[in-house]
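Just work_10.pdb here, PDB, C-alpha atoms:
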```
ATOM      1  CA  MET E 289     -76.880  -5.376 -48.791
ATOM      2  CA  LEU E 290     -74.571  -7.397 -46.741
ATOM      3  CA  LYS E 291     -72.191  -5.365 -44.714
ATOM      4  CA  LYS E 292     -68.533  -6.198 -45.181
ATOM      5  CA  GLN E 293     -67.214  -8.035 -42.236
ATOM      6  CA  THR E 294     -64.361  -6.158 -40.625
ATOM      7  CA  LYS E 295     -61.376  -8.220 -39.565
ATOM      8  CA  VAL E 296     -60.936  -8.140 -35.874
ATOM      9  CA  LYS E 297     -57.245  -8.211 -34.837
ATOM     10  CA  GLU E 298     -56.412 -10.776 -32.285
ATOM     11  CA  ILE E 299     -55.717  -8.977 -29.045
ATOM     12  CA  GLU E 300     -53.088 -10.519 -26.814
ATOM     13  CA  VAL E 301     -54.370 -10.740 -23.318
ATOM     14  CA  ARG E 302     -51.833 -10.551 -20.504
ATOM     15  CA  GLY E 303     -51.439 -14.012 -19.125
ATOM     16  CA  SER E 304     -52.066 -15.632 -22.533
ATOM     17  CA  LYS E 305     -49.514 -18.006 -24.108
ATOM     18  CA  PRO E 306     -48.445 -15.627 -26.929
ATOM     19  CA  HIS E 307     -47.658 -12.911 -24.370
ATOM     20  CA  PHE E 308     -45.419 -15.233 -22.310
ATOM     21  CA  ALA E 309     -43.726 -16.565 -25.444
ATOM     22  CA  LYS E 310     -42.684 -13.032 -26.417
ATOM     23  CA  LYS E 311     -41.501 -12.295 -22.877
ATOM     24  CA  GLN E 312     -39.443 -15.478 -22.848
ATOM     25  CA  LYS E 313     -37.899 -14.610 -26.221
ATOM     26  CA  LYS E 314     -36.904 -11.130 -25.019
ATOM     27  CA  LEU E 315     -35.453 -12.570 -21.814
ATOM     28  CA  TYR E 316     -33.441 -15.115 -23.814
ATOM     29  CA  GLN E 317     -32.103 -12.350 -26.082
ATOM     30  CA  SER E 318     -31.106 -10.262 -23.045
ATOM     31  CA  VAL E 319     -29.266 -13.197 -21.482
ATOM     32  CA  LYS E 320     -27.379 -13.888 -24.730
ATOM     33  CA  ALA E 321     -26.452 -10.198 -25.011
ATOM     34  CA  ILE E 322     -25.086 -10.166 -21.440
ATOM     35  CA  GLU E 323     -23.143 -13.390 -22.062
ATOM     36  CA  SER E 324     -21.663 -11.853 -25.206
ATOM     37  CA  ARG E 325     -20.589  -8.717 -23.333
ATOM     38  CA  ILE E 326     -18.979 -10.815 -20.577
ATOM     39  CA  LYS E 327     -17.030 -12.813 -23.169
ATOM     40  CA  ASN E 328     -15.842  -9.578 -24.788
ATOM     41  CA  LEU E 329     -14.774  -8.200 -21.415
ATOM     42  CA  GLU E 330     -12.871 -11.401 -20.664
ATOM     43  CA  ARG E 331     -11.235 -11.168 -24.084
ATOM     44  CA  VAL E 332     -10.120  -7.570 -23.373
ATOM     45  CA  GLU E 333      -8.715  -8.598 -19.975
ATOM     46  CA  ARG E 334      -6.837 -11.495 -21.544
ATOM     47  CA  VAL E 335      -5.282  -9.140 -24.092
ATOM     48  CA  LYS E 336      -4.081  -6.887 -21.255
ATOM     49  CA  GLU E 337      -2.530  -9.746 -19.286
ATOM     50  CA  ILE E 338       1.127  -8.717 -19.175
ATOM     51  CA  PRO E 339       4.051 -11.009 -18.307
ATOM     52  CA  GLN E 340       6.035 -10.639 -15.112
ATOM     53  CA  VAL E 341       9.044  -8.358 -15.170
ATOM     54  CA  LYS E 342      12.339 -10.213 -14.829
ATOM     55  CA  MET E 343      15.494  -8.181 -15.342
ATOM     56  CA  ASP E 344      19.182  -8.742 -14.781
ATOM     57  CA  LEU E 345      20.356  -6.518 -11.949
ATOM     58  CA  PRO E 346      23.965  -5.340 -11.580
ATOM     59  CA  ASP E 347      26.010  -7.349  -9.039
ATOM     60  CA  GLU E 348      22.922  -9.371  -8.155
ATOM     61  CA  ASP E 349      24.982 -12.358  -6.970
ATOM     62  CA  TYR E 350      27.001 -10.136  -4.616
ATOM     63  CA  ILE E 351      24.033  -8.579  -2.832
ATOM     64  CA  LYS E 352      21.290 -11.223  -2.625
ATOM     65  CA  GLY E 353      20.760 -12.086   1.040
ATOM     66  CA  LYS E 354      23.980 -10.326   2.102
ATOM     67  CA  MET E 355      24.407  -7.217   4.224
ATOM     68  CA  ILE E 356      24.486  -4.214   1.877
ATOM     69  CA  ALA E 357      24.125  -1.417   4.441
ATOM     70  CA  ARG E 358      24.818  -1.028   8.138
ATOM     71  CA  LEU E 359      23.838   1.883  10.334
ATOM     72  CA  GLU E 360      25.946   1.946  13.491
ATOM     73  CA  SER E 361      24.771   4.018  16.490
ATOM     74  CA  VAL E 362      23.007   6.528  14.237
ATOM     75  CA  SER E 363      20.880   9.183  15.886
ATOM     76  CA  CYS E 364      19.029  12.292  14.776
ATOM     77  CA  LYS E 365      18.505  15.630  16.470
ATOM     78  CA  VAL E 366      16.935  18.836  15.145
ATOM     79  CA  GLY E 367      17.958  21.749  17.353
ATOM     80  CA  SER E 368      17.242  20.583  20.867
ATOM     81  CA  LYS E 369      14.615  18.074  19.711
ATOM     82  CA  ILE E 370      15.682  14.401  19.610
ATOM     83  CA  LEU E 371      13.999  12.548  16.723
ATOM     84  CA  TRP E 372      15.566   9.223  17.617
ATOM     85  CA  LYS E 373      18.276   8.007  19.946
ATOM     86  CA  PRO E 374      21.372   6.056  18.802
ATOM     87  CA  ALA E 375      20.383   2.816  17.061
ATOM     88  CA  THR E 376      22.138   0.081  15.086
ATOM     89  CA  PHE E 377      20.577  -2.003  12.316
ATOM     90  CA  TYR E 378      21.412  -3.464   8.904
ATOM     91  CA  ILE E 379      19.802  -3.906   5.483
ATOM     92  CA  LYS E 380      20.186  -7.087   3.428
ATOM     93  CA  GLY E 381      20.128  -7.447  -0.331
ATOM     94  CA  GLY E 382      16.596  -8.307  -1.413
ATOM     95  CA  ASP E 383      14.960  -6.714   1.641
ATOM     96  CA  LYS E 384      11.702  -4.829   1.173
ATOM     97  CA  LEU E 385      12.117  -2.455   4.123
ATOM     98  CA  ALA E 386       9.369   0.037   4.984
ATOM     99  CA  ILE E 387      10.119   3.048   7.193
ATOM    100  CA  LEU E 388       7.109   4.090   9.262
ATOM    101  CA  GLY E 389       6.472   6.833  11.765
ATOM    102  CA  PRO E 390       4.413   9.969  12.373
ATOM    103  CA  ASN E 391       4.987  13.173  10.398
ATOM    104  CA  GLY E 392       8.100  14.990  11.530
ATOM    105  CA  SER E 393       9.657  11.882  13.083
ATOM    106  CA  GLY E 394      12.630  11.903  10.691
ATOM    107  CA  LYS E 395      11.730   9.271   8.067
ATOM    108  CA  SER E 396      13.022  11.270   5.093
ATOM    109  CA  THR E 397      16.085  12.304   7.116
ATOM    110  CA  LEU E 398      16.913   8.646   7.686
ATOM    111  CA  VAL E 399      16.544   7.919   3.962
ATOM    112  CA  ASN E 400      18.889  10.795   3.108
ATOM    113  CA  MET E 401      21.448   9.507   5.619
ATOM    114  CA  VAL E 402      21.559   6.202   3.703
ATOM    115  CA  ILE E 403      21.794   7.933   0.300
ATOM    116  CA  GLU E 404      24.517  10.363   1.395
ATOM    117  CA  GLY E 405      26.475   7.825   3.463
ATOM    118  CA  ALA E 406      26.277   9.912   6.634
ATOM    119  CA  GLU E 407      28.442   9.287   9.695
ATOM    120  CA  GLY E 408      27.796   5.810  11.064
ATOM    121  CA  VAL E 409      26.342   4.614   7.729
ATOM    122  CA  SER E 410      28.299   2.154   5.583
ATOM    123  CA  VAL E 411      26.920   0.988   2.225
ATOM    124  CA  SER E 412      28.312  -1.859   0.128
ATOM    125  CA  PRO E 413      30.046  -0.759  -3.103
ATOM    126  CA  HIS E 414      27.948  -3.419  -4.860
ATOM    127  CA  SER E 415      24.757  -1.577  -3.884
ATOM    128  CA  LYS E 416      23.728   0.750  -6.725
ATOM    129  CA  ILE E 417      21.024   3.094  -5.473
ATOM    130  CA  GLY E 418      18.223   4.802  -7.370
ATOM    131  CA  TYR E 419      16.148   7.423  -5.528
ATOM    132  CA  PHE E 420      12.543   8.361  -6.289
ATOM    133  CA  ARG E 421      12.130  12.100  -5.780
ATOM    134  CA  GLN E 422       8.689  13.569  -5.177
ATOM    135  CA  ASP E 423       9.639  16.728  -7.078
ATOM    136  CA  LEU E 424       9.855  14.629 -10.323
ATOM    137  CA  MET E 425      12.929  16.550 -11.499
ATOM    138  CA  THR E 426      14.214  13.490 -13.374
ATOM    139  CA  ILE E 427      11.627  13.670 -16.174
ATOM    140  CA  ASP E 428      11.602  15.978 -19.206
ATOM    141  CA  ASP E 429       8.235  17.490 -20.212
ATOM    142  CA  GLU E 430       9.348  17.850 -23.844
ATOM    143  CA  LEU E 431      10.066  14.139 -24.290
ATOM    144  CA  SER E 432       7.553  11.333 -24.725
ATOM    145  CA  VAL E 433       6.846   8.762 -22.015
ATOM    146  CA  LEU E 434       8.970   6.161 -23.829
ATOM    147  CA  GLU E 435      11.831   8.599 -24.536
ATOM    148  CA  ASN E 436      11.951   9.641 -20.882
ATOM    149  CA  VAL E 437      12.201   6.079 -19.649
ATOM    150  CA  GLN E 438      14.688   5.008 -22.344
ATOM    151  CA  SER E 439      16.990   7.987 -21.718
ATOM    152  CA  SER E 440      18.604   6.455 -18.607
ATOM    153  CA  SER E 441      17.798   2.772 -19.088
ATOM    154  CA  VAL E 442      20.140  -0.130 -19.835
ATOM    155  CA  GLN E 443      17.196  -2.505 -20.436
ATOM    156  CA  HIS E 444      15.925  -3.503 -23.878
ATOM    157  CA  GLU E 445      12.829  -1.815 -25.283
ATOM    158  CA  THR E 446      10.615  -4.888 -24.864
ATOM    159  CA  LEU E 447      11.155  -4.903 -21.116
ATOM    160  CA  ILE E 448      10.711  -1.117 -20.923
ATOM    161  CA  ARG E 449       7.375  -1.385 -22.735
ATOM    162  CA  THR E 450       6.363  -4.235 -20.407
ATOM    163  CA  VAL E 451       7.074  -2.092 -17.347
ATOM    164  CA  LEU E 452       5.123   0.806 -18.863
ATOM    165  CA  ALA E 453       2.217  -1.484 -19.702
ATOM    166  CA  ARG E 454       2.217  -2.797 -16.147
ATOM    167  CA  LEU E 455       1.794   0.836 -15.076
ATOM    168  CA  HIS E 456      -1.093   1.173 -17.583
ATOM    169  CA  PHE E 457       0.688   2.948 -20.447
ATOM    170  CA  TYR E 458      -0.685   0.894 -23.335
ATOM    171  CA  GLY E 459      -0.075   1.147 -27.095
ATOM    172  CA  ASP E 460       0.289   4.732 -28.321
ATOM    173  CA  ASP E 461       0.168   6.053 -24.736
ATOM    174  CA  VAL E 462       3.966   5.703 -24.648
ATOM    175  CA  TYR E 463       4.308   8.372 -27.358
ATOM    176  CA  LYS E 464       2.496  11.078 -25.388
ATOM    177  CA  LYS E 465       4.583  14.051 -24.300
ATOM    178  CA  VAL E 466       5.071  14.025 -20.538
ATOM    179  CA  GLY E 467       4.036  17.691 -20.412
ATOM    180  CA  VAL E 468       0.393  16.785 -21.180
ATOM    181  CA  LEU E 469       0.126  14.075 -18.508
ATOM    182  CA  SER E 470      -1.694  14.324 -15.179
ATOM    183  CA  GLY E 471       0.196  14.429 -11.888
ATOM    184  CA  GLY E 472      -0.407  10.737 -11.215
ATOM    185  CA  GLU E 473       0.741   9.751 -14.729
ATOM    186  CA  ARG E 474       3.937  11.792 -14.311
ATOM    187  CA  VAL E 475       4.653   9.929 -11.061
ATOM    188  CA  LYS E 476       4.261   6.625 -12.925
ATOM    189  CA  VAL E 477       6.711   7.761 -15.630
ATOM    190  CA  SER E 478       9.232   8.745 -12.956
ATOM    191  CA  LEU E 479       8.841   5.364 -11.234
ATOM    192  CA  ALA E 480       9.177   3.448 -14.538
ATOM    193  CA  LYS E 481      12.295   5.472 -15.411
ATOM    194  CA  LEU E 482      13.852   4.560 -12.057
ATOM    195  CA  PHE E 483      12.791   0.926 -12.247
ATOM    196  CA  VAL E 484      14.703   0.174 -15.482
ATOM    197  CA  ARG E 485      17.915   2.012 -14.632
ATOM    198  CA  ASP E 486      21.188   0.144 -14.014
ATOM    199  CA  ILE E 487      20.562  -0.169 -10.261
ATOM    200  CA  ASN E 488      19.814  -2.879  -7.721
ATOM    201  CA  THR E 489      18.480  -0.807  -4.812
ATOM    202  CA  LEU E 490      15.339   1.349  -4.935
ATOM    203  CA  ILE E 491      14.775   4.088  -2.369
ATOM    204  CA  LEU E 492      11.244   5.484  -2.578
ATOM    205  CA  ASP E 493       9.904   8.403  -0.542
ATOM    206  CA  GLU E 494       6.079   8.242  -0.447
ATOM    207  CA  PRO E 495       5.795   6.646  -3.928
ATOM    208  CA  THR E 496       2.000   6.211  -3.755
ATOM    209  CA  ASN E 497       1.242   9.928  -3.410
ATOM    210  CA  PHE E 498      -0.961  11.110  -6.323
ATOM    211  CA  LEU E 499      -1.531   7.542  -7.564
ATOM    212  CA  ASP E 500      -5.015   6.086  -7.959
ATOM    213  CA  ILE E 501      -5.897   2.642  -6.586
ATOM    214  CA  GLN E 502      -5.138   0.857  -9.875
ATOM    215  CA  ALA E 503      -1.706   2.484 -10.132
ATOM    216  CA  VAL E 504      -0.877   1.657  -6.502
ATOM    217  CA  THR E 505      -1.834  -1.978  -7.101
ATOM    218  CA  ALA E 506       0.333  -2.056 -10.244
ATOM    219  CA  LEU E 507       3.312  -0.559  -8.388
ATOM    220  CA  GLN E 508       3.063  -2.974  -5.470
ATOM    221  CA  SER E 509       2.937  -5.870  -7.952
ATOM    222  CA  LEU E 510       6.129  -4.648  -9.656
ATOM    223  CA  LEU E 511       7.903  -4.249  -6.314
ATOM    224  CA  GLN E 512       6.861  -7.733  -5.195
ATOM    225  CA  GLU E 513       8.505  -9.162  -8.329
ATOM    226  CA  TYR E 514      11.614  -6.974  -8.050
ATOM    227  CA  ASP E 515      14.678  -9.041  -7.051
ATOM    228  CA  GLY E 516      16.663  -6.063  -5.804
ATOM    229  CA  THR E 517      16.446  -4.187  -2.506
ATOM    230  CA  VAL E 518      13.642  -1.728  -1.757
ATOM    231  CA  LEU E 519      13.756   0.877   1.010
ATOM    232  CA  PHE E 520      10.593   2.964   1.139
ATOM    233  CA  VAL E 521       8.668   5.486   3.200
ATOM    234  CA  SER E 522       4.879   5.267   3.087
ATOM    235  CA  HIS E 523       1.733   6.127   5.033
ATOM    236  CA  ASP E 524      -0.302   3.701   2.924
ATOM    237  CA  ARG E 525      -0.824   0.795   5.330
ATOM    238  CA  ARG E 526      -2.284  -1.507   2.663
ATOM    239  CA  PHE E 527       0.708  -0.840   0.385
ATOM    240  CA  VAL E 528       3.148  -1.520   3.246
ATOM    241  CA  GLU E 529       1.341  -4.730   4.125
ATOM    242  CA  GLN E 530       1.567  -5.978   0.528
ATOM    243  CA  VAL E 531       5.212  -5.049  -0.156
ATOM    244  CA  ALA E 532       7.322  -4.976   3.036
ATOM    245  CA  ASN E 533       8.990  -8.005   4.602
ATOM    246  CA  ARG E 534      10.751  -5.886   7.248
ATOM    247  CA  ILE E 535       9.637  -2.677   8.937
ATOM    248  CA  LEU E 536      11.660   0.021  10.659
ATOM    249  CA  ARG E 537       9.371   2.101  12.827
ATOM    250  CA  ILE E 538      10.227   5.393  14.518
ATOM    251  CA  GLU E 539       8.345   5.410  17.813
ATOM    252  CA  ASN E 540       8.954   7.219  21.109
ATOM    253  CA  GLN E 541      12.336   8.528  19.866
ATOM    254  CA  GLU E 542      13.480   4.982  19.103
ATOM    255  CA  LEU E 543      14.200   3.080  15.885
ATOM    256  CA  VAL E 544      12.478  -0.302  16.244
ATOM    257  CA  MET E 545      12.985  -3.064  13.672
ATOM    258  CA  TYR E 546      10.190  -5.590  13.031
ATOM    259  CA  GLU E 547      10.918  -8.782  11.124
ATOM    260  CA  GLY E 548       8.094 -10.263   9.062
ATOM    261  CA  GLY E 549       6.204  -7.235   7.796
ATOM    262  CA  TYR E 550       3.274  -5.114   8.911
ATOM    263  CA  GLN E 551       1.512  -7.970  10.706
ATOM    264  CA  GLU E 552       4.364  -8.006  13.218
ATOM    265  CA  VAL E 553       3.837  -4.294  13.915
ATOM    266  CA  LYS E 554       0.109  -4.818  14.494
ATOM    267  CA  GLU E 555       0.677  -7.808  16.759
ATOM    268  CA  ASN E 556       3.362  -5.980  18.715
ATOM    269  CA  ALA E 557       1.144  -2.921  19.080
ATOM    270  CA  TRP E 558      -1.654  -5.181  20.405
ATOM    271  CA  THR E 559       0.749  -6.830  22.873
ATOM    272  CA  ASN E 560       1.983  -3.443  24.089
ATOM    273  CA  LYS E 561      -1.591  -2.190  24.430
ATOM    274  CA  GLN E 562      -2.589  -5.262  26.456
ATOM    275  CA  SER E 563       0.457  -4.823  28.679
ATOM    276  CA  ILE E 564      -0.460  -1.181  29.387
ATOM    277  CA  ILE E 565      -4.093  -2.143  30.091
ATOM    278  CA  ASN E 566      -3.011  -4.885  32.496
ATOM    279  CA  GLU E 567      -0.803  -2.439  34.384
ATOM    280  CA  GLU E 568      -3.652   0.093  34.628
ATOM    281  CA  LEU E 569      -6.033  -2.642  35.831
ATOM    282  CA  MET E 570      -3.588  -3.587  38.560
ATOM    283  CA  VAL E 571      -3.381   0.034  39.734
ATOM    284  CA  ILE E 572      -7.182   0.405  39.729
ATOM    285  CA  GLU E 573      -7.729  -2.874  41.607
ATOM    286  CA  ASN E 574      -5.271  -1.783  44.309
ATOM    287  CA  ARG E 575      -7.131   1.512  44.627
ATOM    288  CA  ILE E 576     -10.451  -0.358  44.870
ATOM    289  CA  ILE E 577      -9.087  -2.484  47.727
ATOM    290  CA  ASP E 578      -7.900   0.662  49.487
ATOM    291  CA  VAL E 579     -11.268   2.430  49.089
ATOM    292  CA  LEU E 580     -13.187  -0.646  50.280
ATOM    293  CA  SER E 581     -11.073  -0.869  53.416
ATOM    294  CA  ARG E 582     -11.738   2.808  54.198
ATOM    295  CA  LEU E 583     -15.444   2.395  53.465
ATOM    296  CA  SER E 584     -15.666  -0.418  55.991
ATOM    297  CA  LEU E 585     -14.165   1.841  58.676
ATOM    298  CA  GLU E 586     -15.665   5.247  57.806
ATOM    299  CA  PRO E 587     -18.512   5.055  55.258
ATOM    300  CA  SER E 588     -19.089   8.297  53.336
ATOM    301  CA  GLU E 589     -20.771   9.467  50.157
ATOM    302  CA  GLU E 590     -17.447  10.711  48.804
ATOM    303  CA  LEU E 591     -15.785   7.286  49.219
ATOM    304  CA  GLU E 592     -18.850   5.550  47.735
ATOM    305  CA  ASN E 593     -18.678   7.805  44.641
ATOM    306  CA  GLU E 594     -14.965   7.111  44.280
ATOM    307  CA  PHE E 595     -15.623   3.364  44.577
ATOM    308  CA  GLN E 596     -18.295   3.474  41.837
ATOM    309  CA  LYS E 597     -16.011   5.527  39.574
ATOM    310  CA  LEU E 598     -13.181   2.982  39.998
ATOM    311  CA  LEU E 599     -15.562   0.117  39.200
ATOM    312  CA  ALA E 600     -16.646   1.908  36.000
ATOM    313  CA  GLN E 601     -12.989   2.416  34.966
ATOM    314  CA  LYS E 602     -12.251  -1.257  35.614
ATOM    315  CA  ARG E 603     -15.209  -2.367  33.460
ATOM    316  CA  LEU E 604     -14.136  -0.034  30.661
ATOM    317  CA  LEU E 605     -10.571  -1.379  30.635
ATOM    318  CA  LYS E 606     -11.765  -4.987  30.672
ATOM    319  CA  ASP E 607     -14.082  -4.300  27.744
TER     320      ASP E 607
END
```

What does this structure look like when you write it as structure tokens?
Amino acid sequence: MLKKQTKVKEIEVRGSKPHFAKKQKKLYQSVKAIESRIKNLERVERVKEIPQVKMDLPDEDYIKGKMIARLESVSCKVGSKILWKPATFYIKGGDKLAILGPNGSGKSTLVNMVIEGAEGVSVSPHSKIGYFRQDLMTIDDELSVLENVQSSSVQHETLIRTVLARLHFYGDDVYKKVGVLSGGERVKVSLAKLFVRDINTLILDEPTNFLDIQAVTALQSLLQEYDGTVLFVSHDRRFVEQVANRILRIENQELVMYEGGYQEVKENAWTNKQSIINEELMVIENRIIDVLSRLSLEPSEELENEFQKLLAQKRLLKD
């Protein structure tokens, strides 16, 4: 009897054409899948592109580019400690003025002096001030995000929703009760509520505290577009650099105004540092000359060690 011939399946050998054809097909499918995902991502981003915020501010024509506040010979003292000596400066409508300085230097005190109209402080009656408080006492936990912001706003709902969307409250997010929000989200509600009030001057004390990077970026974008005046305290150097066009810095018990933003502060600090280094170099070089003259008359190990130490200090300063 003839044995039945068994069919032998064709075995694909690695390196054979069928194997590479399958690999190429899988690779092509993967590429198409990635391209599809990228297109979907781009489509999502395009949906979330939100228009710029443009609102009508009260008395805008009266304040734009004009002096709205003047501080005349203002100083600050806590007990016997002087925070800053008498200084005079002004604030113009449309300024984005950052107040910088170390902790305990009196930044918040200065802000309160402007808000309260302290002695030596005169504020234009056309300047309508809104103050961001870190204690978030202006928001109601029992109301929704939208209700909170609408409660003190004179702007129409479309603009309010645009501001909220810019701060990443999308769709049904605006109907959430504030009481269930995180700390950072509550800060954003408070900022949105302030932003759409009937004011033309924002005073913000450390507004980026508790905000994540995305929220900080969104806030700085809103402030850049804001046509009113912004006076703010912040330790966030990146935020200051992006928003401020003038900087008031409390340094060495002095109030120093820098025109042109944070770059001016950095350049001035570099100039001051170079000036100090040059002065120290001059002192060291004079000492080196003195030591060399004494070494030539009375050589000693002590003078030689001092000479080497001075040379090392000079090299360090030059580096």

Legend entry - 9 Å contact set for Gln512 of chain E, all atoms listed in the file, chain neighbours under 5 positions out, as a ChimeraX atom specification: /E:384,507,530-532

Legend entry - One-decimal distance in Å that lies between atom CA of Gln443 of chain E and atom CA of Ile487 of chain E: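 Value for the atom CA of Ile487 of chain E-atom CA of Gln443 of chain E distance: 11.0 Å.
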
Legend entry - Residues matched by the PyMOL selection byres ((chain E and resi 546) around 8), written as a list of chain:residue names: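 Selected by the PyMOL selection byres ((chain E and resi 546) around 8) here: E:Arg534, E:Ile535, E:Leu536, E:Arg537, E:Val544, E:Met545, E:Glu547, E:Gly548, E:Gly549, E:Glu552, E:Val553.
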
Legend entry - Expected residue set, 12 Å radius at (29.8, 0.4, 1.0), only C-alpha atoms, as a PyMOL selection string: chain E and resi 351+355-359+379+402-406+408-417

Legend entry - Distance criterion (all atoms listed in the file): nearest to Val362 of chain E out of E:Tyr350, E:Phe457, E:Tyr378, E:Tyr463: E:Tyr378

Legend entry - Atom pair atom CA of Phe595 of chain E / atom CA of Leu580 of chain E: separation (Å):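 Atom-to-atom, atom CA of Phe595 of chain E to atom CA of Leu580 of chain E, that is 7.4 Å.
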
Inset, instruction - Quote the spacing between atom CA of Gly389 of chain E and atom CA of Leu455 of chain E in Å to one decimal place. - result: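 Interatomic distance, atom CA of Gly389 of chain E to atom CA of Leu455 of chain E: 27.9 Å.
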
Evaluate the PyMOL selection byres ((chain E and resi 498) around 12) and record the selected residues as a compact mmCIF listing (two decimals) with C-alpha atoms, in the frame of the given file, following the chain and residue labels used in the document.
```txt
# COMPACT_ATOMS: atom_id res chain seq x y z
CA GLN E 422 8.69 13.57 -5.18
CA SER E 470 -1.69 14.32 -15.18
CA GLY E 471 0.20 14.43 -11.89
CA GLY E 472 -0.41 10.74 -11.22
CA GLU E 473 0.74 9.75 -14.73
CA ARG E 474 3.94 11.79 -14.31
CA VAL E 475 4.65 9.93 -11.06
CA LYS E 476 4.26 6.62 -12.92
CA GLU E 494 6.08 8.24 -0.45
CA PRO E 495 5.80 6.65 -3.93
CA THR E 496 2.00 6.21 -3.76
CA ASN E 497 1.24 9.93 -3.41
CA LEU E 499 -1.53 7.54 -7.56
CA ASP E 500 -5.01 6.09 -7.96
CA ILE E 501 -5.90 2.64 -6.59
CA GLN E 502 -5.14 0.86 -9.88
CA ALA E 503 -1.71 2.48 -10.13
CA VAL E 504 -0.88 1.66 -6.50
CA ASP E 524 -0.30 3.70 2.92
```

On this structure, the PyMOL selection byres ((chain E and resi 442) around 10) would catch which residues? List them as a compact mmCIF listing (two decimals) with C-alpha atoms, in the frame of the given file, sorted by chain and number.
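New file expr.txt:
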```txt
# COMPACT_ATOMS: atom_id res chain seq x y z
CA GLN E 438 14.69 5.01 -22.34
CA SER E 439 16.99 7.99 -21.72
CA SER E 440 18.60 6.46 -18.61
CA SER E 441 17.80 2.77 -19.09
CA GLN E 443 17.20 -2.50 -20.44
CA HIS E 444 15.92 -3.50 -23.88
CA GLU E 445 12.83 -1.82 -25.28
CA ILE E 448 10.71 -1.12 -20.92
CA VAL E 484 14.70 0.17 -15.48
CA ARG E 485 17.92 2.01 -14.63
CA ASP E 486 21.19 0.14 -14.01
CA ILE E 487 20.56 -0.17 -10.26
```

Inset, instruction - Write out as a ChimeraX atom specification which residues come within 9 Å of Ser432 of chain E when counting only C-alpha atoms, dropping same-chain ones fewer than 3 positions away. - result: /E:428-429,435-437,462-467
